[in-house]
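K.L.:
Starting off with a structure, shown below.
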Amino acid sequence: MEIIYREAQPSDAEALIEYMKIVGGETDNLTYDSATFDISVKKEERFIERFLRSQRDFMLLAFDEGRIVAFASIERNKIKRFSHRAELSITVLKEYWGRGIGSAVMERLISFAKESGVEVIYLDVRADNVRAISLYEKFGFCEICNFEKYFKIDDEYFDGKIMTLYI
Ligand SMILES: CC(C)(COP(=O)(O)OP(=O)(O)OC[C@H]1O[C@@H](n2cnc3c(N)ncnc32)[C@H](O)[C@@H]1OP(=O)(O)O)[C@@H](O)C(=O)NCCC(=O)NCCS
């Protein structure tokens, strides 16, 4: 298995929407499910273009034989007084979990953050998402708080953790 990592391009838009719908349906760990990830190809292309143009934001994809198997992004907060901080998101296609792709993606995102002058990376994660929390801790992220009832999924509440990495 040779995984290729590269920055997302507008031409990836359609495949990326398909990917998001699949991963949205594979777990309840994300902010969206397959039904709520309803976005047009044009809108997705513009979203990717905005990342490409920015020196401060980064969208990374991983491919196995041309198929998207992971998506990740790091995005600066747009509010000036918060702009030293960037939010990190990551997903890997379920059949590829546990093969080191999440770690390889995290390494690349953290390197980008360092090179582009981010001072604090932050993220939120469902408190019971042990696999993701282990990945974040492996890269030095620390929990700063437990946010009760952070998620409400089909009338059931789940706590969330806010985690940070100070660079
Ligand atoms: C969380 C996620 C990105 C991890 O990706 P991955 O490709 O499986 O990650 P890796 O294979 O690099 O494993 C990373 C670390 O996870 C931890 N891990 C792996 N398997 C685990 C398991 N079964 N239980 C607990 N932790 C586990 C280990 O710390 C591992 O590091 P190590 O192999 O050096 O010990 C992936 O599971 C995923 O996309 N989950 C669904 C979406 C999601 O939850 N995203 C995060 C939202 S906040």
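Chain labels follow the order of the structure tokens: the first chain is A, the next B, and so on; residue numbering restarts at 1 in every chain, and ligands are counted from 1 in their shown order.
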Compile the contact shell of Leu109 of chain A as a compact mmCIF listing (two decimals) with N, CA, C and O atoms, in the first residue's frame: residues with an atom at most 8 Å away, counting only C-alpha atoms, same-chain residues fewer than 2 positions apart removed.

P.N.:
# COMPACT_ATOMS: atom_id res chain seq x y z
N PHE A 58 -4.56 25.07 5.40
CA PHE A 58 -4.00 23.94 4.67
C PHE A 58 -5.00 22.79 4.67
O PHE A 58 -5.53 22.43 5.73
N LEU A 60 -5.31 18.85 3.48
CA LEU A 60 -4.48 17.74 3.03
C LEU A 60 -5.36 16.52 2.75
O LEU A 60 -6.29 16.22 3.52
N ALA A 72 -7.81 16.06 5.98
CA ALA A 72 -7.47 16.81 7.19
C ALA A 72 -7.30 18.26 6.82
O ALA A 72 -6.97 18.60 5.68
N SER A 73 -7.54 19.13 7.80
CA SER A 73 -7.32 20.54 7.52
C SER A 73 -6.85 21.24 8.78
O SER A 73 -7.08 20.78 9.90
N ILE A 74 -6.19 22.35 8.52
CA ILE A 74 -5.80 23.23 9.62
C ILE A 74 -6.15 24.63 9.15
O ILE A 74 -5.79 25.04 8.06
N VAL A 105 -0.65 12.04 8.73
CA VAL A 105 -1.36 13.29 8.44
C VAL A 105 -1.09 14.32 9.54
O VAL A 105 -0.80 15.50 9.26
N MET A 106 -1.13 13.87 10.79
CA MET A 106 -0.88 14.80 11.91
C MET A 106 0.51 15.41 11.80
O MET A 106 0.70 16.60 12.02
N GLU A 107 1.50 14.58 11.46
CA GLU A 107 2.87 15.10 11.32
C GLU A 107 2.92 16.24 10.30
O GLU A 107 3.53 17.28 10.53
N SER A 111 3.66 20.21 11.06
CA SER A 111 4.79 20.87 10.38
C SER A 111 4.31 22.14 9.68
O SER A 111 4.95 23.19 9.78
N PHE A 112 3.17 22.03 8.99
CA PHE A 112 2.63 23.22 8.32
C PHE A 112 2.37 24.32 9.35
O PHE A 112 2.70 25.49 9.13
N ALA A 113 1.75 23.94 10.47
CA ALA A 113 1.42 24.93 11.50
C ALA A 113 2.69 25.64 11.98
O ALA A 113 2.74 26.86 12.10

K.L.:
What do you get as a PDB file with C-alpha atoms, in the first residue's frame if you pick all residues at most 7 Å from ligand 1, counting only C-alpha atoms and all ligand atoms?

P.N.:
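Output below, filename result.pdb:
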ATOM      1  CA  THR A  27     -19.103   6.976  12.896  1.00  0.00           C
ATOM      2  CA  ASN A  29     -17.810  11.174  15.992  1.00  0.00           C
ATOM      3  CA  LEU A  30     -18.080  14.028  13.520  1.00  0.00           C
ATOM      4  CA  SER A  89      -9.785  18.454  11.712  1.00  0.00           C
ATOM      5  CA  ILE A  90      -8.960  14.918  10.638  1.00  0.00           C
ATOM      6  CA  THR A  91     -10.731  11.833   9.301  1.00  0.00           C
ATOM      7  CA  VAL A  92      -9.506   8.541   7.876  1.00  0.00           C
ATOM      8  CA  LEU A  93     -11.695   6.080   5.977  1.00  0.00           C
ATOM      9  CA  LYS A  94     -12.636   3.306   8.426  1.00  0.00           C
ATOM     10  CA  TYR A  96      -7.751   2.298   6.661  1.00  0.00           C
ATOM     11  CA  TRP A  97      -7.754   2.909  10.434  1.00  0.00           C
ATOM     12  CA  GLY A  98      -4.809   1.661  12.437  1.00  0.00           C
ATOM     13  CA  ARG A  99      -2.306   1.750   9.561  1.00  0.00           C
ATOM     14  CA  GLY A 100      -0.514   4.926  10.572  1.00  0.00           C
ATOM     15  CA  ILE A 101      -2.310   7.250   8.141  1.00  0.00           C
ATOM     16  CA  GLY A 102      -3.752   9.431  10.926  1.00  0.00           C
ATOM     17  CA  SER A 103      -0.258   9.824  12.394  1.00  0.00           C
ATOM     18  CA  ALA A 104       1.305  10.645   9.009  1.00  0.00           C
ATOM     19  CA  LEU A 123      -9.649  20.888  18.299  1.00  0.00           C
ATOM     20  CA  ASP A 124     -12.759  19.373  19.779  1.00  0.00           C
ATOM     21  CA  VAL A 125     -13.427  15.664  20.062  1.00  0.00           C
ATOM     22  CA  ARG A 126     -16.189  13.492  21.458  1.00  0.00           C
ATOM     23  CA  ASN A 129     -13.550   8.882  20.956  1.00  0.00           C
ATOM     24  CA  VAL A 130     -10.635   6.994  22.518  1.00  0.00           C
ATOM     25  CA  ARG A 131      -8.838   6.359  19.237  1.00  0.00           C
ATOM     26  CA  ALA A 132      -8.787  10.036  18.226  1.00  0.00           C
ATOM     27  CA  SER A 134      -4.901   8.685  21.758  1.00  0.00           C
ATOM     28  CA  LEU A 135      -3.765  10.060  18.396  1.00  0.00           C
ATOM     29  CA  LYS A 138       0.598  11.024  20.910  1.00  0.00           C
TER      30      LYS A 138
END

K.L.:
Need to verify the contact set: Thr36 of chain A, 12 Å, only C-alpha atoms, exclusion of same-chain residues closer than 4 positions in sequence. Can you return it as a short mmCIF file (atom, residue, chain, number, x, y, z; two decimals) with all heavy atoms, in the first residue's frame?

P.N.:
data_model
loop_
_atom_site.label_atom_id
_atom_site.label_comp_id
_atom_site.auth_asym_id
_atom_site.auth_seq_id
_atom_site.Cartn_x
_atom_site.Cartn_y
_atom_site.Cartn_z
N ILE A 17 -16.54 15.25 -1.72
CA ILE A 17 -17.93 15.22 -1.21
C ILE A 17 -18.34 13.76 -0.97
O ILE A 17 -18.89 13.42 0.09
CB ILE A 17 -18.90 15.91 -2.20
CG1 ILE A 17 -18.59 17.40 -2.28
CG2 ILE A 17 -20.35 15.68 -1.79
CD1 ILE A 17 -19.32 18.14 -3.40
N MET A 20 -16.64 12.53 2.15
CA MET A 20 -17.24 13.09 3.38
C MET A 20 -18.54 12.37 3.72
O MET A 20 -18.83 12.12 4.89
CB MET A 20 -17.52 14.59 3.19
CG MET A 20 -16.28 15.43 3.09
SD MET A 20 -15.29 15.33 4.59
CE MET A 20 -14.38 16.85 4.49
N LYS A 21 -19.31 12.05 2.68
CA LYS A 21 -20.58 11.35 2.94
C LYS A 21 -20.30 9.96 3.50
O LYS A 21 -20.99 9.50 4.41
CB LYS A 21 -21.39 11.23 1.64
CG LYS A 21 -22.00 12.56 1.24
CD LYS A 21 -22.91 12.42 0.05
CE LYS A 21 -23.60 13.74 -0.21
NZ LYS A 21 -24.17 13.84 -1.53
N ILE A 22 -19.28 9.30 2.99
CA ILE A 22 -18.95 7.96 3.51
C ILE A 22 -18.49 8.05 4.96
O ILE A 22 -19.04 7.39 5.83
CB ILE A 22 -17.88 7.26 2.63
CG1 ILE A 22 -18.44 7.02 1.22
CG2 ILE A 22 -17.43 5.95 3.26
CD1 ILE A 22 -17.41 6.58 0.20
N VAL A 23 -17.51 8.91 5.23
CA VAL A 23 -16.99 8.95 6.62
C VAL A 23 -18.05 9.47 7.59
O VAL A 23 -18.11 9.05 8.74
CB VAL A 23 -15.66 9.74 6.78
CG1 VAL A 23 -14.51 9.05 6.11
CG2 VAL A 23 -15.77 11.16 6.31
N GLY A 24 -18.92 10.37 7.10
CA GLY A 24 -20.00 10.88 7.95
C GLY A 24 -20.94 9.76 8.38
O GLY A 24 -21.56 9.85 9.44
N GLY A 25 -21.04 8.72 7.56
CA GLY A 25 -21.92 7.60 7.89
C GLY A 25 -21.20 6.49 8.66
O GLY A 25 -21.86 5.58 9.15
N LEU A 30 -18.34 12.79 14.26
CA LEU A 30 -18.08 14.03 13.52
C LEU A 30 -19.22 15.03 13.71
O LEU A 30 -20.25 14.70 14.29
CB LEU A 30 -17.89 13.69 12.03
CG LEU A 30 -16.76 12.67 11.77
CD1 LEU A 30 -16.73 12.24 10.33
CD2 LEU A 30 -15.42 13.26 12.19
N THR A 31 -19.02 16.22 13.19
CA THR A 31 -20.04 17.26 13.32
C THR A 31 -21.14 17.08 12.28
O THR A 31 -22.11 17.81 12.29
CB THR A 31 -19.41 18.66 13.16
OG1 THR A 31 -18.65 18.66 11.95
CG2 THR A 31 -18.51 19.01 14.32
N TYR A 32 -20.97 16.13 11.36
CA TYR A 32 -21.94 15.91 10.29
C TYR A 32 -22.15 14.41 10.11
O TYR A 32 -21.30 13.60 10.50
CB TYR A 32 -21.45 16.52 8.97
CG TYR A 32 -20.05 16.07 8.59
CD1 TYR A 32 -19.85 14.90 7.86
CD2 TYR A 32 -18.93 16.79 9.01
CE1 TYR A 32 -18.58 14.47 7.53
CE2 TYR A 32 -17.66 16.35 8.69
CZ TYR A 32 -17.49 15.19 7.95
OH TYR A 32 -16.23 14.76 7.64
#

K.L.:
Give me the segment 22-72 of chain A side of the contact with segment 2-14 of chain A, cut-off 12 Å, one line per residue showing its nearest atom pair and distance in Å at one decimal, counting only C-alpha atoms, sorted by chain and residue number, as a Markdown table.

P.N.:
| residue | atom | partner | partner_atom | distance |
| --- | --- | --- | --- | --- |
| A:Asp38 | CA | A:Glu14 | CA | 11.7 |
| A:Ile39 | CA | A:Glu14 | CA | 9.8 |
| A:Ser40 | CA | A:Glu14 | CA | 8.5 |
| A:Val41 | CA | A:Glu14 | CA | 5.6 |
| A:Lys42 | CA | A:Ala13 | CA | 7.9 |
| A:Lys43 | CA | A:Ala13 | CA | 8.7 |
| A:Glu44 | CA | A:Ala13 | CA | 5.5 |
| A:Glu45 | CA | A:Pro10 | CA | 4.6 |
| A:Arg46 | CA | A:Pro10 | CA | 7.3 |
| A:Phe47 | CA | A:Pro10 | CA | 8.3 |
| A:Ile48 | CA | A:Pro10 | CA | 5.6 |
| A:Glu49 | CA | A:Pro10 | CA | 6.1 |
| A:Arg50 | CA | A:Pro10 | CA | 9.6 |
| A:Phe51 | CA | A:Ala8 | CA | 8.4 |
| A:Leu52 | CA | A:Gln9 | CA | 7.4 |
| A:Arg53 | CA | A:Gln9 | CA | 10.7 |
| A:Asp57 | CA | A:Glu7 | CA | 10.7 |
| A:Phe58 | CA | A:Glu7 | CA | 7.2 |
| A:Met59 | CA | A:Ala8 | CA | 5.7 |
| A:Leu60 | CA | A:Glu7 | CA | 4.5 |
| A:Leu61 | CA | A:Arg6 | CA | 5.6 |
| A:Ala62 | CA | A:Tyr5 | CA | 4.5 |
| A:Phe63 | CA | A:Ile4 | CA | 5.1 |
| A:Asp64 | CA | A:Ile3 | CA | 5.1 |
| A:Glu65 | CA | A:Ile3 | CA | 7.7 |
| A:Gly66 | CA | A:Ile4 | CA | 8.5 |
| A:Arg67 | CA | A:Ile3 | CA | 9.7 |
| A:Ile68 | CA | A:Asp12 | CA | 8.9 |
| A:Val69 | CA | A:Ile3 | CA | 8.7 |
| A:Ala70 | CA | A:Tyr5 | CA | 8.9 |
| A:Phe71 | CA | A:Ala8 | CA | 8.8 |
| A:Ala72 | CA | A:Ala8 | CA | 9.6 |

K.L.:
When DSSP works through the backbone of this structure, what residues of segment 35-98 of chain A end up as helix (DSSP H, G or I), shown as a PyMOL selection string?

P.N.:
chain A and resi 41-53+80-82+94-96

K.L.:
Take the residues that were just selected and, keeping C-alpha atoms, output them as a PDB file, in the first residue's frame.

P.N.:
ATOM      1  CA  VAL A  41     -19.480  20.573  -6.232  1.00  0.00           C
ATOM      2  CA  LYS A  42     -19.155  24.305  -7.078  1.00  0.00           C
ATOM      3  CA  LYS A  43     -19.300  25.269  -3.406  1.00  0.00           C
ATOM      4  CA  GLU A  44     -16.777  22.593  -2.474  1.00  0.00           C
ATOM      5  CA  GLU A  45     -14.450  23.779  -5.273  1.00  0.00           C
ATOM      6  CA  ARG A  46     -14.623  27.335  -3.913  1.00  0.00           C
ATOM      7  CA  PHE A  47     -13.953  26.041  -0.400  1.00  0.00           C
ATOM      8  CA  ILE A  48     -10.842  24.175  -1.601  1.00  0.00           C
ATOM      9  CA  GLU A  49      -9.689  27.209  -3.643  1.00  0.00           C
ATOM     10  CA  ARG A  50      -9.908  29.389  -0.550  1.00  0.00           C
ATOM     11  CA  PHE A  51      -7.571  26.988   1.274  1.00  0.00           C
ATOM     12  CA  LEU A  52      -5.208  26.839  -1.707  1.00  0.00           C
ATOM     13  CA  ARG A  53      -4.940  30.626  -1.996  1.00  0.00           C
ATOM     14  CA  LYS A  80      -7.731  39.006  14.276  1.00  0.00           C
ATOM     15  CA  ARG A  81      -7.278  38.646  18.013  1.00  0.00           C
ATOM     16  CA  PHE A  82      -7.654  34.871  17.704  1.00  0.00           C
ATOM     17  CA  LYS A  94     -12.636   3.306   8.426  1.00  0.00           C
ATOM     18  CA  GLU A  95     -11.095   0.434   6.474  1.00  0.00           C
ATOM     19  CA  TYR A  96      -7.751   2.298   6.661  1.00  0.00           C
TER      20      TYR A  96
END

K.L.:
Would you give me, as a count of residues only, the residues in segment 34-137 of chain A that DSSP reads as strand (DSSP E or B)?

P.N.:
32

K.L.:
Give me, please, the distance in Å between atom CA of Glu148 of chain A and atom CA of Gly160 of chain A, quoted to one decimal.

P.N.:
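For atom CA of Glu148 of chain A relative to atom CA of Gly160 of chain A, the distance reads 6.5 Å.
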
K.L.:
Do you know which residues are at most 6 Å from Cys145 of chain A counting only C-alpha atoms, after dropping those on the same chain fewer than 2 positions away, and could you put them as a list in words?

P.N.:
Glu143, Lys161 and Ile162 of chain A
